[in-house]
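The next block is target.cif, given as mmCIF, C-alpha atoms and all ligand atoms.
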```cif
data_protein
loop_
_atom_site.label_atom_id
_atom_site.label_comp_id
_atom_site.auth_asym_id
_atom_site.auth_seq_id
_atom_site.Cartn_x
_atom_site.Cartn_y
_atom_site.Cartn_z
CA MET C 1365 33.45 16.12 28.31
CA ASP C 1366 31.41 19.22 27.60
CA ALA C 1367 31.81 21.33 30.72
CA GLN C 1368 31.48 24.95 31.75
CA VAL C 1369 31.80 26.93 34.97
CA TYR C 1370 29.61 30.01 35.53
CA LYS C 1371 30.53 32.56 38.17
CA SER C 1372 27.54 34.67 39.12
CA ASP C 1373 25.06 35.61 41.81
CA LEU C 1374 22.58 32.70 42.00
CA ILE C 1375 19.14 32.33 43.50
CA PHE C 1376 16.79 29.32 43.38
CA THR C 1377 14.49 27.21 45.57
CA LYS C 1378 15.36 23.69 46.76
CA ASN C 1379 12.03 23.56 48.57
CA ASP C 1380 9.00 25.84 48.80
CA LYS C 1381 9.96 27.30 52.18
CA GLU C 1382 12.95 29.48 51.34
CA PHE C 1383 15.33 30.75 48.71
CA THR C 1384 18.89 29.52 48.39
CA SER C 1385 20.98 32.51 47.35
CA MET C 1386 24.74 32.71 46.79
CA GLU C 1387 26.75 35.75 45.78
CA GLN C 1388 29.45 35.33 43.13
CA ALA C 1389 29.23 31.56 43.43
CA TYR C 1390 30.54 28.92 41.01
CA LEU C 1391 28.04 26.76 39.17
CA VAL C 1392 29.62 23.80 37.37
CA VAL C 1393 27.79 22.25 34.39
CA GLU C 1394 28.75 19.05 32.60
CA ASN C 1395 26.85 17.64 29.62
CA GLY C 1396 23.91 19.94 30.35
CA LYS C 1397 23.59 18.93 34.01
CA VAL C 1398 24.55 20.83 37.14
CA LEU C 1399 27.46 19.17 38.96
CA GLY C 1400 27.20 21.54 41.88
CA VAL C 1401 27.23 25.11 43.18
CA PHE C 1402 30.19 26.26 45.29
CA ASP C 1403 31.32 29.36 47.17
CA ARG C 1404 34.88 28.44 46.16
CA LEU C 1405 35.70 26.52 43.03
CA PRO C 1406 37.02 23.03 43.93
CA GLY C 1407 40.50 22.38 42.53
CA LYS C 1408 39.33 19.53 40.30
CA TYR C 1409 37.20 21.97 38.27
CA GLU C 1410 39.87 24.64 37.77
CA SER C 1411 40.74 23.49 34.25
CA ILE C 1412 37.14 23.92 33.03
CA PRO C 1413 36.45 27.13 31.03
CA LEU C 1414 34.85 29.84 33.15
CA LYS C 1415 32.32 32.55 32.27
CA ALA C 1416 31.89 35.28 34.85
CA TYR C 1417 28.79 37.49 35.13
CA GLU C 1418 29.69 40.32 37.47
CA SER C 1419 26.33 42.06 37.35
CA GLY C 1420 22.96 40.38 37.18
CA PHE C 1421 22.04 37.00 38.62
CA LEU C 1422 21.11 33.50 37.46
CA ILE C 1423 17.76 31.86 38.22
CA PRO C 1424 16.26 28.59 36.92
CA GLY C 1425 14.20 29.02 33.73
CA PHE C 1426 10.42 29.34 34.08
CA VAL C 1427 8.11 26.37 33.56
CA ASP C 1428 4.61 26.92 32.13
CA LEU C 1429 2.58 23.78 32.81
CA HIS C 1430 -0.45 24.77 30.76
CA LEU C 1431 -0.99 26.88 27.65
CA HIS C 1432 -2.89 26.76 24.38
CA ALA C 1433 -0.52 27.81 21.60
CA PRO C 1434 -3.27 28.19 18.94
CA GLN C 1435 -5.10 30.75 21.08
CA TYR C 1436 -2.15 33.17 20.93
CA GLU C 1437 -3.85 35.50 18.44
CA ASN C 1438 -6.78 35.82 20.88
CA LEU C 1439 -4.66 37.17 23.78
CA GLY C 1440 -6.74 39.71 25.68
CA ILE C 1441 -9.91 39.06 23.68
CA GLY C 1442 -13.35 38.02 24.96
CA LEU C 1443 -12.60 37.93 28.66
CA ASP C 1444 -15.99 39.26 29.76
CA GLU C 1445 -17.36 35.79 29.01
CA GLU C 1446 -17.23 32.70 31.18
CA LEU C 1447 -15.67 29.41 30.14
CA LEU C 1448 -18.35 27.57 28.15
CA THR C 1449 -19.53 30.63 26.21
CA TRP C 1450 -15.94 31.77 25.68
CA LEU C 1451 -14.97 28.39 24.23
CA ASN C 1452 -17.75 28.51 21.62
CA LYS C 1453 -17.41 32.19 20.85
CA TYR C 1454 -13.64 32.63 20.81
CA ALA C 1455 -11.48 29.53 21.35
CA PHE C 1456 -13.13 27.08 18.92
CA PRO C 1457 -13.41 29.46 15.93
CA GLU C 1458 -9.74 30.47 16.31
CA GLU C 1459 -8.57 26.86 16.67
CA ALA C 1460 -10.53 25.90 13.54
CA ARG C 1461 -8.19 28.15 11.54
CA PHE C 1462 -5.34 25.72 12.22
CA SER C 1463 -6.57 23.36 9.52
CA ASP C 1464 -4.49 25.76 7.39
CA ALA C 1465 -0.82 24.78 7.72
CA GLY C 1466 0.38 28.19 6.53
CA TYR C 1467 -1.59 29.96 9.26
CA ALA C 1468 -0.33 27.47 11.87
CA GLU C 1469 3.27 28.03 10.82
CA GLU C 1470 2.93 31.82 11.15
CA VAL C 1471 1.22 31.82 14.54
CA TYR C 1472 3.32 29.04 16.04
CA LYS C 1473 6.58 30.74 15.01
CA GLU C 1474 5.44 33.77 16.96
CA VAL C 1475 4.41 31.69 20.01
CA VAL C 1476 7.78 29.92 20.11
CA ARG C 1477 9.62 33.22 19.82
CA ARG C 1478 7.51 34.66 22.66
CA LEU C 1479 8.17 31.67 24.91
CA TRP C 1480 11.89 32.14 24.30
CA GLU C 1481 11.66 35.89 24.90
CA ASN C 1482 9.69 35.43 28.15
CA GLY C 1483 12.22 33.00 29.58
CA THR C 1484 9.82 30.05 29.59
CA THR C 1485 12.39 27.33 29.08
CA ARG C 1486 9.92 24.43 29.51
CA SER C 1487 6.24 24.31 28.68
CA VAL C 1488 3.35 21.89 28.35
CA ILE C 1489 1.27 22.88 25.37
CA PHE C 1490 -2.15 22.19 23.89
CA GLY C 1491 -2.19 22.34 20.08
CA THR C 1492 -5.40 21.87 18.14
CA ALA C 1493 -7.22 18.75 16.92
CA HIS C 1494 -5.26 18.96 13.65
CA LYS C 1495 -2.41 16.49 13.19
CA GLY C 1496 -0.63 18.62 10.59
CA SER C 1497 -0.48 21.83 12.61
CA THR C 1498 0.51 19.93 15.76
CA GLU C 1499 3.48 18.49 13.89
CA ILE C 1500 4.43 22.01 12.81
CA LEU C 1501 4.44 23.08 16.45
CA LEU C 1502 6.53 20.06 17.46
CA ARG C 1503 9.06 20.88 14.72
CA LEU C 1504 9.29 24.58 15.63
CA MET C 1505 9.67 23.85 19.34
CA LYS C 1506 12.43 21.36 18.58
CA LYS C 1507 14.25 23.89 16.42
CA SER C 1508 14.11 26.50 19.19
CA GLY C 1509 16.00 24.36 21.74
CA LEU C 1510 13.30 24.95 24.36
CA GLY C 1511 11.89 21.95 26.23
CA ALA C 1512 8.21 21.01 25.86
CA TYR C 1513 5.43 18.51 25.78
CA VAL C 1514 3.11 19.22 22.86
CA GLY C 1515 -0.33 17.64 22.48
CA LYS C 1516 -2.65 17.10 19.56
CA VAL C 1517 -6.06 17.83 21.08
CA ASN C 1518 -8.73 15.11 21.00
CA MET C 1519 -12.40 16.13 20.83
CA ASP C 1520 -15.24 14.10 19.31
CA ARG C 1521 -18.38 15.44 20.99
CA ASN C 1522 -19.94 18.75 22.11
CA SER C 1523 -17.54 20.79 20.00
CA SER C 1524 -17.97 23.09 17.02
CA GLN C 1525 -18.74 21.30 13.79
CA GLU C 1526 -15.35 22.11 12.27
CA LEU C 1527 -13.41 20.72 15.22
CA THR C 1528 -15.45 17.60 15.97
CA GLU C 1529 -13.31 14.61 15.09
CA ASP C 1530 -14.20 11.13 13.97
CA THR C 1531 -13.30 8.96 16.97
CA GLU C 1532 -11.19 6.41 15.11
CA ARG C 1533 -9.37 9.08 13.11
CA SER C 1534 -8.65 11.02 16.29
CA LEU C 1535 -7.02 7.92 17.80
CA GLU C 1536 -5.08 7.10 14.60
CA ASP C 1537 -3.68 10.64 14.32
CA THR C 1538 -2.70 10.60 17.98
CA GLU C 1539 -0.96 7.27 17.64
CA ALA C 1540 0.91 8.41 14.51
CA ILE C 1541 2.34 11.38 16.44
CA LEU C 1542 3.21 9.27 19.50
CA ASP C 1543 4.99 6.81 17.26
CA ALA C 1544 6.89 9.40 15.20
CA TYR C 1545 8.16 11.38 18.20
CA ARG C 1546 8.64 8.59 20.74
CA ASN C 1547 12.44 8.90 20.78
CA GLU C 1548 12.67 12.68 21.04
CA ARG C 1549 14.52 14.00 24.07
CA LEU C 1550 13.58 17.62 24.67
CA VAL C 1551 10.26 18.07 22.82
CA LYS C 1552 7.85 15.19 23.23
CA PRO C 1553 4.22 14.40 22.53
CA ILE C 1554 1.57 14.27 25.26
CA ILE C 1555 -1.91 12.77 25.05
CA THR C 1556 -4.42 15.62 25.20
CA PRO C 1557 -8.14 14.91 25.62
CA ARG C 1558 -9.53 18.46 25.67
CA PHE C 1559 -11.79 17.85 28.68
CA VAL C 1560 -14.45 15.31 29.59
CA PRO C 1561 -17.38 17.10 27.88
CA SER C 1562 -15.48 17.06 24.53
CA CYS C 1563 -14.51 13.38 24.62
CA SER C 1564 -16.77 10.36 24.21
CA PRO C 1565 -16.20 7.35 26.47
CA ARG C 1566 -14.91 5.41 23.43
CA LEU C 1567 -12.36 8.14 22.69
CA MET C 1568 -11.18 8.35 26.30
CA GLU C 1569 -10.90 4.57 26.47
CA GLY C 1570 -8.80 4.53 23.29
CA LEU C 1571 -6.56 7.31 24.60
CA GLY C 1572 -6.08 5.42 27.87
CA ARG C 1573 -4.93 2.41 25.84
CA LEU C 1574 -2.50 4.53 23.81
CA ALA C 1575 -1.12 6.10 26.99
CA GLU C 1576 -0.38 2.62 28.31
CA LYS C 1577 1.04 1.30 25.02
CA TYR C 1578 3.43 4.25 24.51
CA ASP C 1579 3.96 4.96 28.20
CA ALA C 1580 2.91 8.51 27.34
CA PRO C 1581 2.02 11.41 29.62
CA VAL C 1582 -1.47 12.95 29.61
CA GLN C 1583 -2.82 16.47 30.03
CA SER C 1584 -6.34 17.79 30.32
CA HIS C 1585 -8.62 20.16 32.24
CA LEU C 1586 -10.34 19.50 35.56
CA SER C 1587 -13.00 21.39 37.54
CA GLU C 1588 -12.37 24.86 36.14
CA ASN C 1589 -15.87 26.31 36.24
CA THR C 1590 -19.09 25.43 38.13
CA ASP C 1591 -21.24 25.02 34.97
CA GLU C 1592 -18.59 22.70 33.54
CA VAL C 1593 -18.51 20.60 36.73
CA GLU C 1594 -22.34 20.25 36.62
CA TRP C 1595 -22.18 19.28 32.95
CA VAL C 1596 -19.69 16.49 33.67
CA LYS C 1597 -22.01 15.19 36.42
CA GLU C 1598 -24.86 15.03 33.88
CA LEU C 1599 -22.69 13.28 31.30
CA HIS C 1600 -21.24 10.73 33.75
CA PRO C 1601 -23.72 10.31 36.62
CA ASP C 1602 -22.18 6.95 37.50
CA CYS C 1603 -18.73 8.40 38.27
CA GLU C 1604 -17.92 9.56 41.78
CA SER C 1605 -16.38 12.81 40.55
CA TYR C 1606 -14.94 14.63 37.53
CA ALA C 1607 -11.43 13.30 38.26
CA HIS C 1608 -12.81 9.79 38.60
CA VAL C 1609 -13.99 9.95 34.95
CA TYR C 1610 -10.38 10.34 33.83
CA GLU C 1611 -9.36 7.62 36.28
CA ARG C 1612 -11.96 5.22 34.86
CA TYR C 1613 -10.44 5.53 31.37
CA GLY C 1614 -6.81 5.14 32.44
CA LEU C 1615 -5.94 8.80 31.97
CA LEU C 1616 -4.53 9.49 35.45
CA ARG C 1617 -1.11 7.96 34.90
CA GLN C 1618 1.21 7.70 37.89
CA ASN C 1619 3.17 11.01 38.12
CA ARG C 1620 2.60 11.59 34.39
CA THR C 1621 -0.68 13.49 34.20
CA ILE C 1622 -1.31 17.24 34.36
CA MET C 1623 -4.77 18.56 35.15
CA ALA C 1624 -5.24 22.27 34.58
CA HIS C 1625 -7.20 24.45 37.04
CA CYS C 1626 -8.61 22.13 39.77
CA VAL C 1627 -10.61 25.03 41.22
CA TYR C 1628 -13.56 22.97 42.51
CA CYS C 1629 -11.97 19.62 43.37
CA THR C 1630 -13.64 17.69 46.18
CA GLY C 1631 -11.78 16.03 49.02
CA SER C 1632 -11.91 12.62 47.34
CA GLU C 1633 -10.64 14.11 44.06
CA LYS C 1634 -7.69 15.69 45.84
CA GLU C 1635 -6.96 12.36 47.49
CA LEU C 1636 -7.10 10.59 44.12
CA MET C 1637 -4.76 13.21 42.63
CA ARG C 1638 -2.31 12.77 45.47
CA GLU C 1639 -2.36 8.97 45.14
CA LYS C 1640 -1.80 9.15 41.40
CA GLY C 1641 0.83 11.91 41.59
CA VAL C 1642 -1.29 14.08 39.29
CA PHE C 1643 0.15 17.56 38.72
CA ALA C 1644 -2.36 20.35 39.23
CA ALA C 1645 -1.54 23.26 36.89
CA HIS C 1646 -2.69 26.34 38.77
CA CYS C 1647 -3.67 29.06 36.26
CA PRO C 1648 -4.66 32.03 38.43
CA ILE C 1649 -4.79 34.68 35.69
CA SER C 1650 -7.07 32.56 33.51
CA ASN C 1651 -9.25 31.67 36.50
CA THR C 1652 -9.73 35.37 37.24
CA ASP C 1653 -10.08 36.48 33.60
CA LEU C 1654 -12.85 33.95 32.88
CA THR C 1655 -14.50 34.46 36.30
CA SER C 1656 -13.87 30.78 37.08
CA GLY C 1657 -12.79 31.02 40.72
CA ILE C 1658 -9.75 30.64 42.96
CA ALA C 1659 -8.05 27.27 43.23
CA PRO C 1660 -7.18 26.38 46.85
CA VAL C 1661 -3.45 26.04 46.20
CA LYS C 1662 -2.45 26.07 49.85
CA ASP C 1663 -4.73 23.06 50.35
CA PHE C 1664 -3.02 21.28 47.49
CA ILE C 1665 0.39 22.05 48.97
CA ALA C 1666 -0.70 20.92 52.44
CA GLY C 1667 -2.24 17.77 50.94
CA GLY C 1668 0.93 16.80 49.09
CA VAL C 1669 -0.49 17.21 45.57
CA ASN C 1670 2.07 17.97 42.83
CA LEU C 1671 1.65 21.54 41.71
CA GLY C 1672 2.93 23.99 39.12
CA LEU C 1673 1.78 27.19 37.41
CA GLY C 1674 0.26 27.75 33.98
CA SER C 1675 -0.39 30.85 31.89
CA ASP C 1676 -3.33 29.13 30.15
CA ILE C 1677 -3.28 31.58 27.28
CA SER C 1678 -5.67 32.77 26.05
CA GLY C 1679 -7.99 32.17 29.00
CA GLY C 1680 -5.06 33.97 30.62
CA HIS C 1681 -3.86 37.11 28.84
CA THR C 1682 -0.08 36.80 29.20
CA LEU C 1683 2.80 34.34 28.77
CA TRP C 1684 4.96 36.28 31.25
CA MET C 1685 5.41 33.81 34.12
CA PRO C 1686 6.42 36.41 36.74
CA GLU C 1687 2.95 37.94 36.28
CA VAL C 1688 1.34 34.51 36.71
CA LEU C 1689 3.43 34.00 39.82
CA VAL C 1690 2.43 37.37 41.29
CA HIS C 1691 -1.22 36.75 40.47
CA ALA C 1692 -1.04 33.35 42.20
CA ILE C 1693 0.13 35.14 45.34
CA GLN C 1694 -2.51 37.86 45.04
CA VAL C 1695 -5.48 35.51 44.60
CA SER C 1696 -4.26 33.33 47.45
CA LYS C 1697 -4.36 36.45 49.65
CA LEU C 1698 -7.96 37.11 48.57
CA TYR C 1699 -8.87 33.45 49.20
CA TYR C 1700 -7.35 33.77 52.66
CA LEU C 1701 -9.18 37.04 53.38
CA TYR C 1702 -12.60 36.15 52.06
CA LYS C 1703 -12.84 32.36 52.12
CA ASP C 1704 -10.54 30.54 54.50
CA LYS C 1705 -8.48 32.17 57.22
CA ASP C 1706 -6.92 28.82 58.18
CA CYS C 1707 -5.26 28.04 54.87
CA GLY C 1708 -2.52 30.69 54.90
CA ARG C 1709 -1.23 32.70 51.98
CA LEU C 1710 1.13 31.76 49.19
CA THR C 1711 4.56 33.26 49.81
CA LEU C 1712 7.05 34.40 47.19
CA PRO C 1713 9.40 31.41 47.73
CA GLU C 1714 6.40 29.08 47.37
CA ALA C 1715 5.19 30.74 44.17
CA PHE C 1716 8.72 30.89 42.72
CA TYR C 1717 9.17 27.21 43.56
CA LEU C 1718 5.92 26.39 41.72
CA ALA C 1719 7.07 28.34 38.64
CA THR C 1720 10.43 26.52 38.55
CA LYS C 1721 11.03 23.27 40.45
CA GLY C 1722 7.33 22.51 41.17
CA GLY C 1723 6.28 22.47 37.52
CA GLY C 1724 9.76 21.42 36.42
CA SER C 1725 9.51 18.11 38.22
CA PHE C 1726 7.00 16.98 35.56
CA PHE C 1727 10.04 16.97 33.25
CA GLY C 1728 12.34 15.16 35.71
CA LYS C 1729 15.20 17.02 37.41
CA VAL C 1730 14.31 20.48 36.13
CA GLY C 1731 13.85 23.83 37.84
CA SER C 1732 16.69 24.01 40.37
CA PHE C 1733 20.48 24.37 40.52
CA GLU C 1734 20.91 21.30 42.71
CA GLU C 1735 23.25 18.51 41.65
CA ASP C 1736 22.15 16.54 38.58
CA TYR C 1737 19.48 19.08 37.59
CA SER C 1738 19.28 20.16 33.98
CA PHE C 1739 21.04 23.50 33.57
CA ASP C 1740 17.97 25.49 32.49
CA ALA C 1741 18.67 29.07 33.48
CA LEU C 1742 18.03 32.75 32.87
CA LEU C 1743 20.57 35.50 33.38
CA ILE C 1744 18.71 38.51 34.75
CA ASP C 1745 20.10 42.02 34.35
CA ASP C 1746 18.36 44.09 37.01
CA CYS C 1747 20.35 47.33 36.63
CA ALA C 1748 17.32 49.22 35.33
CA ILE C 1749 14.99 48.18 38.17
CA ILE C 1750 17.21 47.88 41.22
CA GLY C 1751 17.01 51.56 42.27
CA GLN C 1752 19.41 53.25 44.68
CA GLY C 1753 21.44 51.56 47.40
CA LYS C 1754 22.39 47.97 48.04
CA ARG C 1755 19.76 45.25 48.03
CA SER C 1756 20.08 41.63 49.08
CA LEU C 1757 19.89 39.06 46.31
CA GLU C 1758 16.46 38.01 47.57
CA GLU C 1759 15.21 41.60 47.36
CA ARG C 1760 16.62 41.91 43.84
CA LEU C 1761 14.69 38.79 42.83
CA GLN C 1762 11.52 40.21 44.42
CA LYS C 1763 11.95 43.41 42.43
CA PHE C 1764 12.47 41.45 39.22
CA ILE C 1765 9.38 39.29 39.80
CA TYR C 1766 7.12 42.21 40.69
CA THR C 1767 8.51 45.00 38.50
CA GLY C 1768 10.81 43.43 35.92
CA GLU C 1769 10.06 42.79 32.27
CA LYS C 1770 11.29 40.45 29.58
CA GLY C 1771 14.02 42.90 28.55
CA CYS C 1772 15.72 42.07 31.88
CA ILE C 1773 16.40 38.53 30.63
CA ILE C 1774 19.70 38.68 28.79
CA LYS C 1775 20.60 34.98 28.45
CA ARG C 1776 18.58 31.77 28.32
CA PHE C 1777 19.93 28.23 28.74
CA VAL C 1778 18.28 24.84 28.34
CA GLU C 1779 20.25 21.69 29.23
CA GLY C 1780 23.42 23.76 29.19
CA ASN C 1781 22.89 25.24 25.72
CA GLU C 1782 22.54 28.98 25.39
CA LEU C 1783 19.58 29.68 23.14
CA GLY C 1784 19.98 32.63 20.82
CA TYR C 1785 16.66 32.09 19.10
CA THR C 1786 15.38 35.19 17.38
CA GLU C 1787 13.58 33.99 14.24
CA ARG C 1788 10.30 35.70 13.55
ZN ZN C 1801 -6.60 25.32 29.18
#
```
Rewritten as structure tokens:
Amino acid sequence: MDAQVYKSDLIFTKNDKEFTSMEQAYLVVENGKVLGVFDRLPGKYESIPLKAYESGFLIPGFVDLHLHAPQYENLGIGLDEELLTWLNKYAFPEEARFSDAGYAEEVYKEVVRRLWENGTTRSVIFGTAHKGSTEILLRLMKKSGLGAYVGKVNMDRNSSQELTEDTERSLEDTEAILDAYRNERLVKPIITPRFVPSCSPRLMEGLGRLAEKYDAPVQSHLSENTDEVEWVKELHPDCESYAHVYERYGLLRQNRTIMAHCVYCTGSEKELMREKGVFAAHCPISNTDLTSGIAPVKDFIAGGVNLGLGSDISGGHTLWMPEVLVHAIQVSKLYYLYKDKDCGRLTLPEAFYLATKGGGSFFGKVGSFEEDYSFDALLIDDCAIIGQGKRSLEERLQKFIYTGEKGCIIKRFVEGNELGYTER
């Protein structure tokens, strides 16, 4: 039995309504899973080794449901453009560089190190269309001990010349990766059609078949920008909506598909997403940076759609999930003020839930300290930001989310393992 007891202040969200906070509580972990949290340590656990953290507090690790690792070098660049121009001018030329394995190795090492540093213990990642560089990313993520889904991007139409794939080759490369990594536990492949405009019907059909054959998850983009939505209508006039195109090709897999953005989803699309258990990855910083819009997250919550948060670098300019979380709250306040007074505003417990248990549920029992959840955690040292006087644990978490920085994270755990990853 591999077991450990942690004594610390703890704060997490079992649901999106409120925080659960416990001062100097006991959290018992066995084989990477939480056995329970207790105010007093039950006698049966007294023989287990104990680590006590007298200052600081433990929170679940952050989950980033949507990011493009190969766009890391472009962070902060080109954000006066809107989506379709930005893709051609910035994203595609940078991604084309990943045909070079040496370049991929350099950039991806840095991305993995940054994810570790920022306390993003689980992430769902777009690579590029290149099989070789995607395998490099899979290998580096595995070495880091962080949890992830990593996708080789598929794109065989309406892309730059360098990135446009041969349809059959795209499917073969995807299948080779699915096959090679099918038994991995913590870092797994995910089928990744870039978005409808980049994928021919034959490609999407083939990917749908592979998803079925390998019982694989799927990620893509949905209704990010109004020009994009119009374009999809022109390309697929016979489909009821953008989401229904994915549905037609078997790419909305029950509880196993992530769709990034979902800013302009119609009522019937939201209903389809709810039925299929599709996870919407809300990427508020990217949606503001690229002037895309504000996703109606409170509608998604009210409608029972699965929801998490994404940094969407480099449409978004930061990997720091607390900033994504704060931005999600801020844009929901603007949406409430200027668009819909009935929808309410995102609260801090709701946004924190989305950044931990909400997104984490795509991975299974991840993102909480409830029984049987993976012990994915961050130890936060808030001495430098707490100020004078005593604060409640909830106030200390608020201060960390709004004013903290990555230097406040002093330990990171995934499935019970402390990750001391520092390689550059
Ligand atoms: Zn994206």
request  = Residues within 8 Å of ligand ZN 1801 (chain C) should be enumerated using all atoms listed in the file and returned as a PyMOL selection string.
outcome  = chain C and resi 1430-1432+1490+1584-1585+1624-1625+1676-1677+1679
For the selection just defined, write its residues with C-alpha atoms to a file, as a PDB file, in the frame of the given file.
```
ATOM      1  CA  HIS C1430      -0.450  24.770  30.760  1.00  0.00           C
ATOM      2  CA  LEU C1431      -0.990  26.880  27.650  1.00  0.00           C
ATOM      3  CA  HIS C1432      -2.890  26.760  24.380  1.00  0.00           C
ATOM      4  CA  PHE C1490      -2.150  22.190  23.890  1.00  0.00           C
ATOM      5  CA  SER C1584      -6.340  17.790  30.320  1.00  0.00           C
ATOM      6  CA  HIS C1585      -8.620  20.160  32.240  1.00  0.00           C
ATOM      7  CA  ALA C1624      -5.240  22.270  34.580  1.00  0.00           C
ATOM      8  CA  HIS C1625      -7.200  24.450  37.040  1.00  0.00           C
ATOM      9  CA  ASP C1676      -3.330  29.130  30.150  1.00  0.00           C
ATOM     10  CA  ILE C1677      -3.280  31.580  27.280  1.00  0.00           C
ATOM     11  CA  GLY C1679      -7.990  32.170  29.000  1.00  0.00           C
TER      12      GLY C1679
END
```
Nearby residues, (-4.4, 20.0, 13.6) file frame, 10 Å, all atoms listed in the file, as a ChimeraX atom specification = /C:1434,1459-1465,1468,1491-1501,1516-1518,1527,1537
key: Which residue of C:Val1627, C:Leu1654, C:Val1401, C:Val1582 approaches Trp1450 of chain C most closely, using only C-alpha atoms   = C:Leu1654
task = Enter the distance from atom CA of Ile1423 of chain C to atom CA of Val1398 of chain C, in Å, rounded to one decimal.
result = 13.0 Å
query = Which one is closest to Leu1448 of chain C: C:Pro1713, C:Pro1561, C:Gly1751, C:Gly1672? Count all atoms listed in the file.
reply = C:Pro1561
key: Non-local contacts of Val1688 of chain C (9 Å; all atoms listed in the file; under 4 positions in same chain excluded) as a list of chain:residue names   =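 What passes the distance filter is C:Cys1647, C:Pro1648, C:Ile1649, C:Leu1673, C:Gly1674, C:Ser1675, C:Gly1680, C:Thr1682, C:Leu1683, C:Trp1684, C:Ala1692, C:Ile1693, C:Ala1719.
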message = Taking only C-alpha atoms into account, name the residue in C:Gln1762, C:Glu1445, C:Tyr1370, C:Asp1530 that is nearest to Ile1412 of chain C.
response =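 The shortest atom-to-atom distance to Ile1412 of chain C comes from C:Tyr1370.
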request  = Find the residues around Asp1403 of chain C up to 8 Å (all atoms listed in the file counted), leave out those fewer than 3 positions away in its own chain, and share them as a PyMOL selection string.
outcome  = chain C and resi 1386-1390
message = Restricting the calculation to all atoms listed in the file: of C:His1691, C:Lys1662, C:Ser1534, C:Ser1385, which residue gets closest to Glu1714 of chain C?
response =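 That would be C:Lys1662, the residue with the smallest distance to Glu1714 of chain C.
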Generate the missing atoms of segment 1521-1531 of chain C up to N, CA, C and O atoms and report them as a PDB file, in the coordinates of the input.
```pdb
ATOM      1  N   ARG C1521     -16.968  15.133  20.677  1.00  0.00           N
ATOM      2  CA  ARG C1521     -18.380  15.440  20.990  1.00  0.00           C
ATOM      3  C   ARG C1521     -18.465  16.858  21.567  1.00  0.00           C
ATOM      4  O   ARG C1521     -17.467  17.403  22.074  1.00  0.00           O
ATOM      5  N   ASN C1522     -19.663  17.422  21.507  1.00  0.00           N
ATOM      6  CA  ASN C1522     -19.940  18.750  22.110  1.00  0.00           C
ATOM      7  C   ASN C1522     -18.942  19.823  21.714  1.00  0.00           C
ATOM      8  O   ASN C1522     -18.576  20.677  22.524  1.00  0.00           O
ATOM      9  N   SER C1523     -18.483  19.780  20.469  1.00  0.00           N
ATOM     10  CA  SER C1523     -17.540  20.790  20.000  1.00  0.00           C
ATOM     11  C   SER C1523     -18.147  21.488  18.788  1.00  0.00           C
ATOM     12  O   SER C1523     -19.228  21.107  18.346  1.00  0.00           O
ATOM     13  N   SER C1524     -17.456  22.473  18.243  1.00  0.00           N
ATOM     14  CA  SER C1524     -17.970  23.090  17.020  1.00  0.00           C
ATOM     15  C   SER C1524     -17.882  22.060  15.905  1.00  0.00           C
ATOM     16  O   SER C1524     -17.091  21.117  15.975  1.00  0.00           O
ATOM     17  N   GLN C1525     -18.694  22.276  14.882  1.00  0.00           N
ATOM     18  CA  GLN C1525     -18.740  21.300  13.790  1.00  0.00           C
ATOM     19  C   GLN C1525     -17.360  21.092  13.165  1.00  0.00           C
ATOM     20  O   GLN C1525     -16.940  19.972  12.907  1.00  0.00           O
ATOM     21  N   GLU C1526     -16.658  22.217  12.951  1.00  0.00           N
ATOM     22  CA  GLU C1526     -15.350  22.110  12.270  1.00  0.00           C
ATOM     23  C   GLU C1526     -14.321  21.324  13.074  1.00  0.00           C
ATOM     24  O   GLU C1526     -13.416  20.737  12.508  1.00  0.00           O
ATOM     25  N   LEU C1527     -14.445  21.351  14.405  1.00  0.00           N
ATOM     26  CA  LEU C1527     -13.410  20.720  15.220  1.00  0.00           C
ATOM     27  C   LEU C1527     -13.783  19.320  15.701  1.00  0.00           C
ATOM     28  O   LEU C1527     -12.958  18.626  16.294  1.00  0.00           O
ATOM     29  N   THR C1528     -15.032  18.913  15.477  1.00  0.00           N
ATOM     30  CA  THR C1528     -15.450  17.600  15.970  1.00  0.00           C
ATOM     31  C   THR C1528     -14.806  16.497  15.140  1.00  0.00           C
ATOM     32  O   THR C1528     -14.979  16.426  13.930  1.00  0.00           O
ATOM     33  N   GLU C1529     -14.049  15.658  15.806  1.00  0.00           N
ATOM     34  CA  GLU C1529     -13.310  14.610  15.090  1.00  0.00           C
ATOM     35  C   GLU C1529     -14.103  13.309  15.027  1.00  0.00           C
ATOM     36  O   GLU C1529     -14.933  13.019  15.891  1.00  0.00           O
ATOM     37  N   ASP C1530     -13.765  12.515  14.003  1.00  0.00           N
ATOM     38  CA  ASP C1530     -14.200  11.130  13.970  1.00  0.00           C
ATOM     39  C   ASP C1530     -13.362  10.382  15.012  1.00  0.00           C
ATOM     40  O   ASP C1530     -12.135  10.562  15.065  1.00  0.00           O
ATOM     41  N   THR C1531     -14.004   9.569  15.829  1.00  0.00           N
ATOM     42  CA  THR C1531     -13.300   8.960  16.970  1.00  0.00           C
ATOM     43  C   THR C1531     -12.092   8.128  16.527  1.00  0.00           C
ATOM     44  O   THR C1531     -10.989   8.286  17.073  1.00  0.00           O
TER      45      THR C1531
END
```
